[in-house]
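J.: What follows is the file coords_28.csv, containing CSV, C-alpha atoms:
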```csv
chain,number,residue,atom,x,y,z
A,1,GLY,CA,50.3,2.1,35.7
A,2,GLU,CA,50.2,5.5,34.1
A,3,SER,CA,53.1,6.9,32.1
A,4,VAL,CA,54.2,10.4,33.2
A,5,GLY,CA,56.7,12.9,31.9
A,6,LEU,CA,56.6,11.7,28.3
A,7,HIS,CA,58.0,14.3,25.9
A,8,LEU,CA,55.9,15.2,22.9
A,9,PRO,CA,57.5,15.0,19.5
A,10,THR,CA,58.5,18.6,18.7
A,11,LEU,CA,58.7,20.4,15.4
A,12,SER,CA,60.5,23.7,15.2
A,13,VAL,CA,60.1,25.9,12.1
A,14,GLN,CA,61.1,29.4,11.1
A,15,GLU,CA,58.3,31.9,10.7
A,16,GLY,CA,57.1,31.9,7.1
A,17,ASP,CA,58.2,28.4,6.3
A,18,ASN,CA,55.8,25.5,5.7
A,19,SER,CA,55.2,22.9,8.5
A,20,ILE,CA,54.4,19.3,8.1
A,21,ILE,CA,53.0,17.4,11.1
A,22,ASN,CA,52.6,13.6,10.7
A,23,CYS,CA,50.4,11.1,12.4
A,24,ALA,CA,50.1,7.3,12.1
A,25,TYR,CA,46.6,6.0,12.9
A,26,SER,CA,45.8,2.6,14.3
A,27,ASN,CA,42.6,1.2,12.8
A,28,SER,CA,42.2,0.4,9.1
A,29,ALA,CA,38.4,0.5,9.7
A,30,SER,CA,38.5,4.2,10.6
A,31,ASP,CA,36.8,6.3,8.0
A,32,TYR,CA,36.9,9.9,9.4
A,33,PHE,CA,39.9,11.8,10.6
A,34,ILE,CA,40.3,15.2,12.4
A,35,TRP,CA,43.2,17.5,13.2
A,36,TYR,CA,42.9,19.6,16.4
A,37,LYS,CA,45.1,22.5,17.6
A,38,GLN,CA,45.6,22.9,21.3
A,39,GLU,CA,47.2,26.0,22.7
A,40,SER,CA,48.7,25.9,26.2
A,41,GLY,CA,46.1,25.6,28.9
A,42,LYS,CA,43.2,25.6,26.5
A,43,GLY,CA,40.9,23.0,25.0
A,44,PRO,CA,41.6,21.5,21.5
A,45,GLN,CA,40.2,23.4,18.5
A,46,PHE,CA,38.9,21.8,15.4
A,47,ILE,CA,41.2,22.6,12.4
A,48,ILE,CA,40.2,20.4,9.5
A,49,ASP,CA,38.8,17.0,8.8
A,50,ILE,CA,38.9,14.4,6.0
A,51,ARG,CA,37.0,11.3,5.1
A,52,SER,CA,38.6,8.0,4.0
A,53,ASN,CA,37.2,8.4,0.5
A,54,MET,CA,39.5,11.4,0.0
A,55,ASP,CA,43.3,11.7,-0.3
A,56,LYS,CA,43.6,15.4,0.3
A,57,ARG,CA,41.5,18.3,1.6
A,58,GLN,CA,42.5,21.9,1.8
A,59,GLY,CA,41.4,24.7,4.2
A,60,GLN,CA,42.7,28.1,4.8
A,61,ARG,CA,46.5,27.7,5.0
A,62,VAL,CA,46.1,24.1,6.0
A,63,THR,CA,46.1,20.9,4.0
A,64,VAL,CA,45.4,17.4,5.2
A,65,LEU,CA,46.7,14.4,3.3
A,66,LEU,CA,45.5,10.8,3.9
A,67,ASN,CA,47.4,7.7,2.9
A,68,LYS,CA,45.2,4.7,3.7
A,69,THR,CA,47.8,2.2,2.4
A,70,VAL,CA,50.2,3.0,5.2
A,71,LYS,CA,47.6,4.4,7.6
A,72,HIS,CA,49.2,7.8,7.7
A,73,LEU,CA,47.8,11.3,8.0
A,74,SER,CA,49.6,14.6,7.7
A,75,LEU,CA,48.8,18.2,8.3
A,76,GLN,CA,50.6,20.9,6.2
A,77,ILE,CA,50.5,24.5,7.4
A,78,ALA,CA,51.6,27.0,4.8
A,79,ALA,CA,53.5,30.2,5.8
A,80,THR,CA,53.7,29.2,9.4
A,81,GLN,CA,53.1,32.1,11.9
A,82,PRO,CA,53.9,32.5,15.6
A,83,GLY,CA,50.2,32.1,16.3
A,84,ASP,CA,50.4,28.6,15.0
A,85,SER,CA,52.6,27.5,17.9
A,86,ALA,CA,50.6,24.8,19.7
A,87,VAL,CA,50.2,21.1,20.1
A,88,TYR,CA,48.5,19.4,17.2
A,89,PHE,CA,46.6,16.2,17.6
A,90,CYS,CA,45.2,13.8,15.0
A,91,ALA,CA,42.0,11.9,15.8
A,92,GLU,CA,40.3,8.9,14.1
A,93,ASN,CA,36.7,7.8,14.3
A,94,ASN,CA,36.4,4.1,13.9
A,95,ASN,CA,32.6,4.0,14.2
A,96,GLN,CA,32.4,2.9,17.8
A,97,GLY,CA,29.7,5.0,19.4
A,98,GLY,CA,31.1,8.4,18.3
A,99,LYS,CA,34.3,7.8,20.2
A,100,LEU,CA,37.5,9.3,18.8
A,101,ILE,CA,41.0,7.9,19.2
A,102,PHE,CA,43.6,10.6,19.7
A,103,GLY,CA,47.3,10.5,18.8
A,104,GLN,CA,49.9,11.6,21.2
A,105,GLY,CA,50.3,15.0,19.7
A,106,THR,CA,53.1,17.0,18.2
A,107,GLU,CA,54.3,20.3,19.6
A,108,LEU,CA,54.9,23.0,16.9
A,109,SER,CA,57.2,25.8,17.8
A,110,VAL,CA,57.6,28.8,15.5
A,111,LYS,CA,60.7,30.9,15.6
A,112,PRO,CA,60.3,34.5,14.7
B,1,ASP,CA,27.3,32.8,22.5
B,2,GLY,CA,27.0,29.2,21.7
B,3,GLY,CA,29.5,26.8,23.1
B,4,ILE,CA,30.8,24.5,25.8
B,5,THR,CA,31.7,25.8,29.2
B,6,GLN,CA,33.6,24.2,32.0
B,7,SER,CA,33.9,25.3,35.5
B,8,PRO,CA,35.9,25.9,37.5
B,9,LYS,CA,39.1,26.7,35.5
B,10,TYR,CA,41.2,25.4,38.5
B,11,LEU,CA,40.1,23.0,41.2
B,12,PHE,CA,41.9,21.9,44.3
B,13,ARG,CA,41.1,18.6,45.9
B,14,LYS,CA,42.1,17.4,49.4
B,15,GLU,CA,42.9,13.8,50.0
B,16,GLY,CA,39.8,11.7,50.4
B,17,GLN,CA,37.5,14.3,49.0
B,18,ASN,CA,35.1,14.0,46.1
B,19,VAL,CA,35.0,16.9,43.7
B,20,THR,CA,32.7,17.6,40.8
B,21,LEU,CA,33.6,19.3,37.5
B,22,SER,CA,30.9,21.0,35.6
B,23,CYS,CA,30.4,20.8,31.8
B,24,GLU,CA,27.5,22.7,30.1
B,25,GLN,CA,26.7,23.1,26.4
B,26,ASN,CA,24.1,25.1,24.6
B,27,LEU,CA,24.7,23.7,21.2
B,28,ASN,CA,21.8,21.2,21.5
B,29,HIS,CA,24.3,18.4,21.0
B,30,ASP,CA,23.2,14.8,21.9
B,31,ALA,CA,26.6,13.3,22.9
B,32,MET,CA,29.0,14.5,25.5
B,33,TYR,CA,32.4,13.2,26.5
B,34,TRP,CA,34.9,13.6,29.3
B,35,TYR,CA,38.7,13.2,28.7
B,36,ARG,CA,41.7,13.3,30.9
B,37,GLN,CA,45.0,14.8,29.7
B,38,ASP,CA,48.3,14.3,31.4
B,39,PRO,CA,51.4,16.4,30.6
B,40,GLY,CA,53.0,15.4,27.3
B,41,GLN,CA,50.2,12.9,26.5
B,42,GLY,CA,47.1,12.7,24.4
B,43,LEU,CA,43.5,12.6,25.5
B,44,ARG,CA,42.1,9.5,27.3
B,45,LEU,CA,38.4,8.9,27.4
B,46,ILE,CA,36.8,8.7,30.9
B,47,TYR,CA,33.1,8.5,30.2
B,48,TYR,CA,30.7,9.4,27.4
B,49,SER,CA,27.0,9.8,27.0
B,50,GLN,CA,25.2,9.6,23.6
B,51,ILE,CA,21.8,10.5,25.0
B,52,VAL,CA,20.1,11.8,28.1
B,53,ASN,CA,19.9,9.4,31.0
B,54,ASP,CA,22.5,7.0,29.5
B,55,PHE,CA,26.3,6.9,29.7
B,56,GLN,CA,29.1,4.4,29.1
B,57,LYS,CA,32.5,3.9,30.6
B,58,GLY,CA,35.5,4.9,28.5
B,59,ASP,CA,39.1,3.6,28.8
B,60,ILE,CA,39.9,5.0,32.3
B,61,ALA,CA,36.6,5.2,34.2
B,62,GLU,CA,37.8,3.8,37.5
B,63,GLY,CA,37.6,6.4,40.2
B,64,TYR,CA,35.2,8.6,38.3
B,65,SER,CA,31.4,8.9,38.0
B,66,VAL,CA,29.1,10.9,35.8
B,67,SER,CA,25.4,11.7,35.4
B,68,ARG,CA,23.4,12.9,32.4
B,69,GLU,CA,20.0,14.1,33.7
B,70,LYS,CA,19.8,17.0,31.2
B,71,LYS,CA,20.9,17.2,27.6
B,72,GLU,CA,23.0,20.3,28.2
B,73,SER,CA,24.8,19.1,31.3
B,74,PHE,CA,27.3,16.3,31.9
B,75,PRO,CA,29.1,16.7,35.3
B,76,LEU,CA,32.1,14.6,36.2
B,77,THR,CA,32.8,13.6,39.8
B,78,VAL,CA,36.4,12.6,40.7
B,79,THR,CA,36.0,10.3,43.7
B,80,SER,CA,38.5,9.5,46.5
B,81,ALA,CA,39.1,6.2,44.7
B,82,GLN,CA,41.0,8.0,42.0
B,83,LYS,CA,44.5,8.0,43.5
B,84,ASN,CA,46.2,10.2,40.9
B,85,PRO,CA,43.6,12.8,40.0
B,86,THR,CA,46.0,15.6,39.1
B,87,ALA,CA,45.4,16.3,35.4
B,88,PHE,CA,43.7,18.6,32.8
B,89,TYR,CA,40.1,17.5,32.3
B,90,LEU,CA,38.4,18.3,29.0
B,91,CYS,CA,34.7,18.0,28.1
B,92,ALA,CA,33.5,17.7,24.6
B,93,SER,CA,30.2,17.4,22.8
B,94,MET,CA,29.0,16.2,19.4
B,95,ASP,CA,25.8,16.6,17.5
B,96,GLY,CA,23.6,13.5,16.9
B,97,GLY,CA,22.8,11.7,13.7
B,98,ASN,CA,25.7,11.3,11.4
B,99,ALA,CA,27.9,13.9,13.1
B,100,GLU,CA,31.5,12.8,13.8
B,101,THR,CA,33.3,15.9,15.0
B,102,GLN,CA,33.7,16.6,18.7
B,103,TYR,CA,34.0,20.2,20.0
B,104,PHE,CA,35.8,20.9,23.2
B,105,GLY,CA,35.4,23.1,26.2
B,106,PRO,CA,38.3,25.2,27.8
B,107,GLY,CA,39.2,22.5,30.4
B,108,THR,CA,39.5,22.3,34.1
B,109,ARG,CA,42.9,21.8,35.8
B,110,LEU,CA,42.5,19.6,38.9
B,111,LEU,CA,45.3,19.8,41.5
B,112,VAL,CA,45.7,17.8,44.7
B,113,LEU,CA,46.6,19.6,48.0
```
Spit out the file's structure as structure tokens when you get a sec.
T.:
Amino acid sequence: GESVGLHLPTLSVQEGDNSIINCAYSNSASDYFIWYKQESGKGPQFIIDIRSNMDKRQGQRVTVLLNKTVKHLSLQIAATQPGDSAVYFCAENNNQGGKLIFGQGTELSVKP
Amino acid sequence: DGGITQSPKYLFRKEGQNVTLSCEQNLNHDAMYWYRQDPGQGLRLIYYSQIVNDFQKGDIAEGYSVSREKKESFPLTVTSAQKNPTAFYLCASMDGGNAETQYFGPGTRLLVL
């Protein structure tokens, strides 16, 4: 049956601090990873991606780190702002017909 | 504006009723996807289509049906066989070729009366 009422992992940070959101992925054959941001009641928005031949990729205020040895992905947000409050999902592409596998998500709460 | 649109934003279903959720994209993307999201959970794949007139079941296809008669449209029907339809439904699309990133619409929240 379906699971209901699960609580998302939550990260609470002070405005201006750096945030680190972690994700463990499932398939060692996955070669492309994406971070999405989902605000309440909206669809997920693409933030940043990384391929498996890279360890690190930087965007504007965001950095993604990939550790293939332990199948771990992280998203770092610098100088976190109230507008960063959202649920963040990682997704992996394991080359099966364009399908993505999504993590459970982490809720980021920014305190002013 | 280019993008993915979903309608309606809220949809109410009576017991035993079929309802259809609309998803349209003007990005000229080949592939389209439907996901279900329950509170506090990630996205689960219902159906996907990589090309017009073809679609495949995802992980939770039971109680749902789709069609892909046009490249820009991928409607999802929630049938009466879906006993727990209350959820947030998200449509996504992806370009063809070597593209790997999916882009999402704003979602439709389905509620049961």
J.: Go through chain A residue by residue and, counting all atoms listed in the file, keep those with an atom at most 8 Å from chain B; for each kept residue give the shortest atom pair and its distance in Å to one decimal, ordered by chain and increasing number, as a tab-separated table.
T.:
```
residue	atom	partner	partner_atom	distance
A:Val4	CA	B:Pro39	CA	7.1
A:Gly5	CA	B:Gly40	CA	6.4
A:Leu6	CA	B:Gly40	CA	5.3
A:His7	CA	B:Gly40	CA	5.3
A:Leu8	CA	B:Gly40	CA	5.3
A:Tyr32	CA	B:Glu100	CA	7.5
A:Ile34	CA	B:Thr101	CA	7.5
A:Gly41	CA	B:Gly107	CA	7.7
A:Lys42	CA	B:Pro106	CA	5.1
A:Gly43	CA	B:Pro106	CA	4.4
A:Pro44	CA	B:Phe104	CA	6.1
A:Gln45	CA	B:Phe104	CA	6.9
A:Phe46	CA	B:Tyr103	CA	6.9
A:Phe89	CA	B:Gly42	CA	7.7
A:Asn93	CA	B:Glu100	CA	7.2
A:Gly97	CA	B:Gln50	CA	7.7
A:Gly98	CA	B:Glu100	CA	6.3
A:Phe102	CA	B:Leu43	CA	6.1
A:Gly103	CA	B:Gly42	CA	6.0
A:Gln104	CA	B:Gly42	CA	4.4
A:Gly105	CA	B:Gly42	CA	6.1
```
J.: Can you tell me how far atom CA of A:Ser40 sits from atom CA of A:Ile20, in Å to one decimal?
T.: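 So the two atoms, atom CA of A:Ser40 and atom CA of A:Ile20, lie 20.1 Å apart.
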J.: List the neighbours of A:Asn53 out to 12 Å using all atoms listed in the file; skip same-chain residues closer than 2 positions along the sequence, and give me the result as an mmCIF file with C-alpha atoms, in the frame of the given file.
T.:
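selection00.cif, written as the output of this step:
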```cif
data_model
loop_
_atom_site.group_PDB
_atom_site.id
_atom_site.type_symbol
_atom_site.label_atom_id
_atom_site.label_comp_id
_atom_site.auth_asym_id
_atom_site.auth_seq_id
_atom_site.Cartn_x
_atom_site.Cartn_y
_atom_site.Cartn_z
ATOM 1 C CA SER A 30 38.500 4.200 10.600
ATOM 2 C CA ASP A 31 36.800 6.300 8.000
ATOM 3 C CA TYR A 32 36.900 9.900 9.400
ATOM 4 C CA PHE A 33 39.900 11.800 10.600
ATOM 5 C CA ILE A 50 38.900 14.400 6.000
ATOM 6 C CA ARG A 51 37.000 11.300 5.100
ATOM 7 C CA ASP A 55 43.300 11.700 -0.300
ATOM 8 C CA LYS A 56 43.600 15.400 0.300
ATOM 9 C CA ARG A 57 41.500 18.300 1.600
ATOM 10 C CA LEU A 65 46.700 14.400 3.300
ATOM 11 C CA LEU A 66 45.500 10.800 3.900
ATOM 12 C CA ASN A 67 47.400 7.700 2.900
ATOM 13 C CA LYS A 68 45.200 4.700 3.700
#
```
J.: Of the residues A:Glu107, A:Glu92, A:Asp84, A:Glu39, which is the one nearest to A:Glu15, using all atoms listed in the file?
T.: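 Once distances to A:Glu15 are computed over all atoms listed in the file, the minimum belongs to A:Asp84.
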J.: Rounded to one decimal, what separation in Å do you get between atom CA of A:Thr10 and atom CA of A:Ser109?
T.: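 Rounded to one decimal, the two atoms are 7.4 Å apart.
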J.: Could you state the separation of atom CA of B:Val52 and atom CA of B:Asp30 in Å, given to one decimal place?
T.: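 It comes out at 7.6 Å.
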J.: I'd like to know which of B:Lys70, B:Gly3, B:Ile46, B:Phe12 is closest to B:Thr86, using all atoms listed in the file.
T.: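 Of B:Lys70, B:Gly3, B:Ile46, B:Phe12, the one nearest B:Thr86, counting all atoms listed in the file, is B:Phe12.
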J.: Within 12 Å of B:Glu15, counting all atoms listed in the file, which residues show up once you throw out same-chain ones fewer than 2 positions away? Write them as a list in words, please.
T.: Phe12, Arg13, Gln17, Asn18, Val19, Val78, Thr79, Ser80, Ala81, Gln82, Lys83, Asn84, Pro85, Thr86, Leu111, Val112 and Leu113 of chain B
J.: B:Gln37, B:Thr77, B:Ser65, B:Ser93: which is nearest B:Glu24, counting all atoms listed in the file?
T.: B:Ser93
